[in-house]
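Visitor: For reference, this is entry32.cif, and it has mmCIF, C-alpha atoms.
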data_entry
loop_
_atom_site.label_atom_id
_atom_site.label_comp_id
_atom_site.auth_asym_id
_atom_site.auth_seq_id
_atom_site.Cartn_x
_atom_site.Cartn_y
_atom_site.Cartn_z
CA MET E 1093 6.43 -18.74 28.01
CA ASN E 1094 9.87 -20.20 28.78
CA ASP E 1095 12.46 -22.05 26.70
CA THR E 1096 11.25 -25.46 27.86
CA GLU E 1097 7.74 -24.70 26.65
CA TYR E 1098 9.03 -23.38 23.33
CA THR E 1099 11.08 -26.56 22.85
CA HIS E 1100 8.04 -28.70 23.62
CA HIS E 1101 5.91 -26.86 21.08
CA ARG E 1102 8.64 -27.06 18.44
CA THR E 1103 8.88 -30.82 18.94
CA LEU E 1104 5.12 -31.18 18.55
CA LEU E 1105 5.11 -29.02 15.44
CA ILE E 1106 7.91 -30.95 13.76
CA ALA E 1107 6.11 -34.23 14.44
CA MET E 1108 2.92 -32.81 12.93
CA ILE E 1109 4.77 -31.68 9.81
CA ILE E 1110 6.39 -35.10 9.40
CA ASN E 1111 2.99 -36.76 9.83
CA ALA E 1112 1.36 -34.33 7.37
CA GLU E 1113 -1.03 -33.02 10.03
CA ARG E 1114 -1.51 -29.63 8.44
CA THR E 1115 -4.71 -28.58 10.24
CA GLU E 1116 -3.44 -29.70 13.62
CA ALA E 1117 -0.14 -27.85 13.12
CA VAL E 1118 -1.86 -24.59 12.19
CA ASP E 1119 -4.22 -24.94 15.14
CA LEU E 1120 -1.23 -25.46 17.45
CA ILE E 1121 0.53 -22.33 16.22
CA CYS E 1122 -2.63 -20.25 16.41
CA SER E 1123 -3.37 -21.42 19.95
CA ILE E 1124 0.12 -20.34 21.04
CA ALA E 1125 -0.26 -17.06 19.15
CA ALA E 1126 -3.41 -16.37 21.16
CA GLN E 1127 -1.19 -16.36 24.24
CA ILE E 1128 1.98 -14.62 23.04
CA GLY E 1129 1.17 -13.14 19.61
CA TYR E 1130 2.15 -14.17 16.08
CA PRO E 1131 5.54 -12.42 15.95
CA ALA E 1132 6.66 -14.30 19.06
CA VAL E 1133 5.32 -17.72 18.07
CA ILE E 1134 6.90 -17.40 14.62
CA THR E 1135 10.24 -16.35 16.11
CA HIS E 1136 10.39 -18.93 18.89
CA VAL E 1137 8.44 -21.90 17.52
CA LEU E 1138 7.78 -21.85 13.77
CA ASP E 1139 11.10 -20.50 12.48
CA PRO E 1140 13.29 -22.84 14.59
CA ALA E 1141 11.09 -25.80 13.65
CA LEU E 1142 11.43 -24.95 9.97
CA ILE E 1143 15.20 -24.67 10.32
CA GLU E 1144 15.23 -28.23 11.63
CA ILE E 1145 12.88 -29.33 8.86
CA GLY E 1146 15.19 -27.67 6.33
CA ASP E 1147 18.16 -29.51 7.80
CA MET E 1148 16.26 -32.79 7.47
CA TRP E 1149 15.48 -31.90 3.87
CA ALA E 1150 19.15 -31.20 3.14
CA ARG E 1151 20.06 -34.60 4.62
CA GLU E 1152 17.32 -36.21 2.50
CA LYS E 1153 15.42 -37.27 5.61
CA LEU E 1154 12.26 -35.57 4.42
CA SER E 1155 10.05 -36.35 1.43
CA LEU E 1156 8.79 -33.88 -1.16
CA ALA E 1157 5.28 -34.32 0.26
CA GLN E 1158 6.47 -33.45 3.77
CA GLY E 1159 8.28 -30.40 2.44
CA TYR E 1160 5.06 -29.35 0.72
CA VAL E 1161 3.14 -29.70 4.00
CA ALA E 1162 5.71 -27.54 5.80
CA ALA E 1163 5.32 -24.85 3.14
CA LYS E 1164 1.53 -24.92 3.29
CA ILE E 1165 1.49 -24.75 7.11
CA THR E 1166 3.75 -21.71 6.97
CA GLU E 1167 1.54 -20.15 4.30
CA ASP E 1168 -1.60 -20.78 6.36
CA VAL E 1169 -0.04 -19.17 9.42
CA LEU E 1170 1.15 -16.19 7.40
CA LEU E 1171 -2.36 -15.52 6.09
CA LYS E 1172 -3.64 -15.41 9.65
CA ALA E 1173 -0.73 -13.35 10.98
CA VAL E 1174 -0.80 -10.59 8.37
CA ASP E 1175 -4.36 -9.63 9.30
CA THR E 1176 -3.47 -8.88 12.91
CA LYS E 1177 -2.65 -5.38 14.10
CA GLU E 1178 0.41 -6.61 15.98
CA TRP E 1179 1.90 -8.09 12.81
CA GLN E 1180 1.21 -4.99 10.74
CA ALA E 1181 2.90 -2.89 13.42
CA GLU E 1182 5.87 -5.28 13.52
CA THR E 1183 6.51 -5.03 9.77
CA ALA E 1184 5.33 -1.46 9.15
CA GLU E 1185 8.74 -0.20 8.08
CA MET E 1186 9.28 -2.91 5.46
CA HIS E 1187 6.88 -3.70 2.63
CA ILE E 1188 9.64 -3.31 0.04
CA PRO E 1189 8.57 -4.96 -3.24
CA VAL E 1190 10.57 -7.87 -4.65
CA VAL E 1191 9.98 -10.10 -7.67
CA LEU E 1192 10.15 -13.89 -7.56
CA ALA E 1193 9.89 -16.30 -10.48
CA SER E 1194 11.03 -19.64 -11.80
CA ILE E 1195 13.15 -19.14 -14.90
CA GLU E 1196 11.88 -20.07 -18.33
CA ASP E 1197 11.68 -23.85 -18.90
CA ASP E 1198 11.45 -24.46 -15.15
CA PHE E 1199 8.17 -25.66 -13.65
CA HIS E 1200 9.07 -26.40 -10.01
CA PRO E 1201 7.20 -24.01 -7.66
CA LEU E 1202 7.72 -25.53 -4.19
CA GLY E 1203 11.08 -23.98 -3.28
CA ARG E 1204 10.07 -20.61 -4.68
CA LYS E 1205 6.82 -20.64 -2.73
CA MET E 1206 8.68 -21.39 0.49
CA VAL E 1207 11.03 -18.49 -0.19
CA SER E 1208 8.01 -16.28 -0.86
CA THR E 1209 6.47 -17.26 2.46
CA PHE E 1210 9.61 -16.54 4.47
CA LEU E 1211 10.10 -13.20 2.75
CA GLN E 1212 6.52 -12.19 3.52
CA LEU E 1213 6.96 -13.25 7.12
CA ALA E 1214 9.97 -10.92 7.25
CA GLY E 1215 7.88 -8.03 5.94
CA TRP E 1216 8.74 -7.96 2.22
CA THR E 1217 6.01 -7.45 -0.39
CA VAL E 1218 6.44 -10.39 -2.75
CA HIS E 1219 5.26 -10.43 -6.35
CA ASP E 1220 5.44 -14.09 -7.41
CA MET E 1221 5.27 -14.32 -11.19
CA GLY E 1222 5.10 -18.13 -11.28
CA ASN E 1223 6.82 -20.71 -13.48
CA ASP E 1224 8.52 -20.46 -16.87
CA ILE E 1225 9.10 -16.68 -16.83
CA THR E 1226 11.46 -15.00 -19.28
CA ALA E 1227 14.24 -12.62 -18.33
CA GLU E 1228 12.53 -9.72 -20.06
CA GLU E 1229 9.28 -10.32 -18.16
CA MET E 1230 11.07 -10.39 -14.82
CA VAL E 1231 13.03 -7.21 -15.39
CA ASP E 1232 9.97 -5.44 -16.79
CA LYS E 1233 8.04 -6.32 -13.62
CA ALA E 1234 10.90 -5.21 -11.36
CA VAL E 1235 11.11 -1.86 -13.17
CA GLU E 1236 7.32 -1.45 -13.00
CA LEU E 1237 7.30 -2.06 -9.24
CA ASN E 1238 10.59 -0.28 -8.55
CA ALA E 1239 11.72 -3.52 -6.93
CA PRO E 1240 15.41 -3.66 -5.89
CA ILE E 1241 15.72 -7.46 -6.08
CA ILE E 1242 14.68 -10.26 -8.41
CA GLY E 1243 14.76 -13.77 -6.94
CA VAL E 1244 15.02 -16.50 -9.58
CA SER E 1245 14.62 -20.22 -8.98
CA ALA E 1246 15.70 -23.24 -11.03
CA MET E 1247 15.74 -26.94 -10.25
CA MET E 1248 17.84 -28.39 -13.07
CA TYR E 1249 21.19 -27.32 -14.50
CA THR E 1250 19.83 -26.88 -18.02
CA SER E 1251 17.11 -24.47 -16.91
CA ALA E 1252 19.42 -22.73 -14.41
CA LEU E 1253 21.65 -21.64 -17.29
CA ASN E 1254 18.73 -19.52 -18.52
CA ILE E 1255 19.18 -17.32 -15.44
CA GLY E 1256 22.20 -15.90 -17.24
CA LYS E 1257 19.71 -14.17 -19.51
CA VAL E 1258 18.34 -12.25 -16.53
CA ARG E 1259 21.85 -11.06 -15.71
CA GLN E 1260 22.31 -9.98 -19.32
CA GLU E 1261 18.98 -8.14 -19.36
CA ILE E 1262 19.77 -6.29 -16.13
CA ASP E 1263 23.16 -5.27 -17.46
CA ARG E 1264 21.78 -4.35 -20.89
CA ARG E 1265 19.44 -1.84 -19.25
CA GLY E 1266 22.19 -0.48 -17.02
CA LEU E 1267 20.38 -1.54 -13.84
CA GLN E 1268 23.17 -3.53 -12.19
CA ASP E 1269 23.59 -0.95 -9.38
CA LYS E 1270 19.86 -0.66 -8.69
CA LEU E 1271 18.56 -4.20 -9.28
CA LYS E 1272 20.14 -7.25 -7.66
CA LEU E 1273 19.76 -10.88 -8.73
CA ALA E 1274 19.22 -13.55 -6.08
CA VAL E 1275 19.32 -17.14 -7.33
CA GLY E 1276 18.35 -20.44 -5.80
CA GLY E 1277 17.17 -23.99 -6.26
CA ALA E 1278 18.47 -27.50 -5.69
CA ILE E 1279 21.10 -27.33 -8.42
CA PHE E 1280 22.90 -24.45 -6.68
CA LYS E 1281 23.63 -26.70 -3.71
CA VAL E 1282 25.13 -29.32 -5.99
CA ARG E 1283 27.12 -26.80 -8.03
CA PRO E 1284 28.05 -23.79 -5.83
CA THR E 1285 30.03 -22.19 -8.66
CA LEU E 1286 26.81 -21.92 -10.66
CA VAL E 1287 25.90 -18.69 -8.84
CA GLU E 1288 28.82 -16.92 -10.44
CA GLU E 1289 28.36 -18.76 -13.72
CA VAL E 1290 24.84 -17.35 -14.23
CA GLY E 1291 25.73 -13.92 -12.85
CA GLY E 1292 23.86 -14.12 -9.56
CA ASP E 1293 24.57 -11.59 -6.83
CA GLY E 1294 23.98 -14.18 -4.13
CA THR E 1295 22.13 -17.30 -3.00
CA ALA E 1296 20.74 -18.70 0.25
CA ALA E 1297 21.42 -22.12 1.74
CA SER E 1298 17.70 -22.60 2.38
CA ALA E 1299 14.37 -20.82 2.07
CA ILE E 1300 14.53 -19.70 5.66
CA ASP E 1301 17.82 -17.89 4.92
CA ALA E 1302 16.30 -15.94 2.03
CA PRO E 1303 15.24 -12.87 4.08
CA GLN E 1304 18.81 -12.38 5.30
CA LEU E 1305 20.14 -12.69 1.74
CA PHE E 1306 17.63 -10.13 0.48
CA SER E 1307 18.46 -7.76 3.33
CA ASP E 1308 22.18 -8.07 2.54
CA LEU E 1309 21.57 -7.43 -1.17
CA LEU E 1310 19.40 -4.41 -0.38
CA LYS E 1311 22.35 -2.81 1.40
CA THR E 1312 24.39 -2.99 -1.82
CA ILE E 1313 21.85 -0.97 -3.84
CA ARG E 1314 23.16 2.41 -4.93
CA PRO E 1315 20.72 5.34 -4.70
#
Render the structure in this file as structure tokens.
Guide:
Amino acid sequence: MNDTEYTHHRTLLIAMIINAERTEAVDLICSIAAQIGYPAVITHVLDPALIEIGDMWAREKLSLAQGYVAAKITEDVLLKAVDTKEWQAETAEMHIPVVLASIEDDFHPLGRKMVSTFLQLAGWTVHDMGNDITAEEMVDKAVELNAPIIGVSAMMYTSALNIGKVRQEIDRRGLQDKLKLAVGGAIFKVRPTLVEEVGGDGTAASAIDAPQLFSDLLKTIRP
């Protein structure tokens, strides 16, 4: 398959996402995967399409409902991809556990679920704890799983401040060299200094950038 064909498929996929054609979009991706495999279709069609969708979201050209559809399409494709031998071979060296959660008093799952999907596509083993999770619960789970990274999401400034408690809990247990704190959510785009304010080790511009952030943070872990 050449670049022109990839571009054509990406254009079709983006239109389907915008029109909330979830079934049709998944069928399109799966039909291409039957020809070139899931790793290739995700790399050349799905990921670039989602980057464009993310850019539209950032420019407020996309509704919450359309963003939800994009997340669900990606989730549907992931569920199909992970069962294939080619995908398991592609990600065999990863499967590092990470913890995701929305901080206490925050009940907005969409962004976190998109991050979870992209991390799983990149080969991470994600343990999504859900909404309204305390700092102690997150760190306990990370210790239990021997996870090197906790990813915490918040939508509003008031709830984002609670992420500081996760930083305090990590430091209190002396885990700052072994457990990194990734933060994200809409408020971090509005207030970039908030990452430092709550003690985050890093953030990503969008859900699709999360795997790179997590890979970068993993490199800073001390044995």
Visitor: Within 8 Å of (24.9, -24.6, -12.7) in the file's own coordinates, which protein, DNA or RNA residues have an atom, counting only C-alpha atoms? List them as a list of chain:residue names.
Guide: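 Collected hits near the coordinates: E:Tyr1249, E:Thr1250, E:Ala1252, E:Leu1253, E:Ile1279, E:Phe1280, E:Arg1283, E:Pro1284, E:Thr1285, E:Leu1286, E:Val1287, E:Glu1289, E:Val1290.
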Visitor: Given the file shown, enumerate the residues that the PyMOL selection byres ((chain E and resi 1238-1240) around 6) captures and present them as a PyMOL selection string.
Guide: chain E and resi 1189-1190+1234-1237+1241+1271
Visitor: Quick one: residues within 6 Å of Ala1193 of chain E, only C-alpha atoms counted, chain neighbours fewer than 3 positions away excluded, as a list in words?
Guide: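 Answer for this query is Asp1220, Met1221, Gly1222 and Val1244 of chain E.
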Visitor: Extending 4 Å beyond the listed atoms of segment 1253-1261 of chain E on each side, what axis-aligned box results? I want centre and edge lengths in Å to one decimal, as lines of an AutoDock Vina configuration file.
Guide:
center_x = 20.3
center_y = -14.9
center_z = -17.5
size_x = 12.0
size_y = 21.5
size_z = 12.1
Visitor: Once the PyMOL selection byres ((chain E and resi 1103-1119) around 12) is applied to the coordinates I shared, what remains selected? I want it as a count of residues only.
Guide: 52
Visitor: Residues of segment 1139-1211 of chain E that approach segment 1294-1309 of chain E to 6 Å or less, counting all atoms listed in the file: could you list each one with the shortest pair of atoms and its distance in Å to one decimal, rows by chain and increasing residue number, as CSV?
Guide:
residue,atom,partner,partner_atom,distance
E:Met1206,CA,E:Ala1299,CA,5.9
E:Val1207,CA,E:Ala1299,CA,4.7
E:Phe1210,CA,E:Ile1300,CA,6.0
E:Leu1211,CA,E:Pro1303,CA,5.3
Visitor: Just the number, please: distance in Å from atom CA of Gly1129 of chain E to atom CA of Gln1212 of chain E, one decimal.
Guide: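 These atoms are spaced 17.0 Å apart.
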Visitor: Which of these, E:Ile1225, E:Met1230, E:Ile1313, E:Ile1195, has the shortest distance to Gln1268 of chain E once you count only C-alpha atoms?
Guide: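 Using only C-alpha atoms, Gln1268 of chain E sits closest to E:Ile1313.
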Visitor: Report, in Å with one decimal, the straight-line distance from atom CA of Lys1272 of chain E to atom CA of Thr1135 of chain E.
Guide: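 Computing the Euclidean distance for atom CA of Lys1272 of chain E and atom CA of Thr1135 of chain E yields 27.3 Å.
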Visitor: Report the distance between atom CA of Arg1204 of chain E and atom CA of Ile1262 of chain E in Å, rounded to one decimal place.
Guide: 20.7 Å
Visitor: What residues have an atom no more than 6 Å from (23.0, -11.8, -11.9) in the file's own frame, counting all atoms listed in the file, and can you write them as a list of chain:residue names?
Guide: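 With a cut-off of 6 Å, the residues come to E:Arg1259, E:Leu1273, E:Gly1291, E:Gly1292, E:Asp1293.
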Visitor: Go ahead and dump the residues you just picked, C-alpha atoms, as an mmCIF file, in the coordinates of the input.
Guide:
data_model
loop_
_atom_site.group_PDB
_atom_site.id
_atom_site.type_symbol
_atom_site.label_atom_id
_atom_site.label_comp_id
_atom_site.auth_asym_id
_atom_site.auth_seq_id
_atom_site.Cartn_x
_atom_site.Cartn_y
_atom_site.Cartn_z
ATOM 1 C CA ARG E 1259 21.850 -11.060 -15.710
ATOM 2 C CA LEU E 1273 19.760 -10.880 -8.730
ATOM 3 C CA GLY E 1291 25.730 -13.920 -12.850
ATOM 4 C CA GLY E 1292 23.860 -14.120 -9.560
ATOM 5 C CA ASP E 1293 24.570 -11.590 -6.830
#
Visitor: Got a sec to resolve the PyMOL selection byres ((chain E and resi 1276) around 6) on this structure and send the residues as a list of chain:residue names?
Guide: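 This file, filtered by the PyMOL selection byres ((chain E and resi 1276) around 6), leaves E:Ser1245, E:Val1275, E:Gly1277, E:Thr1295.
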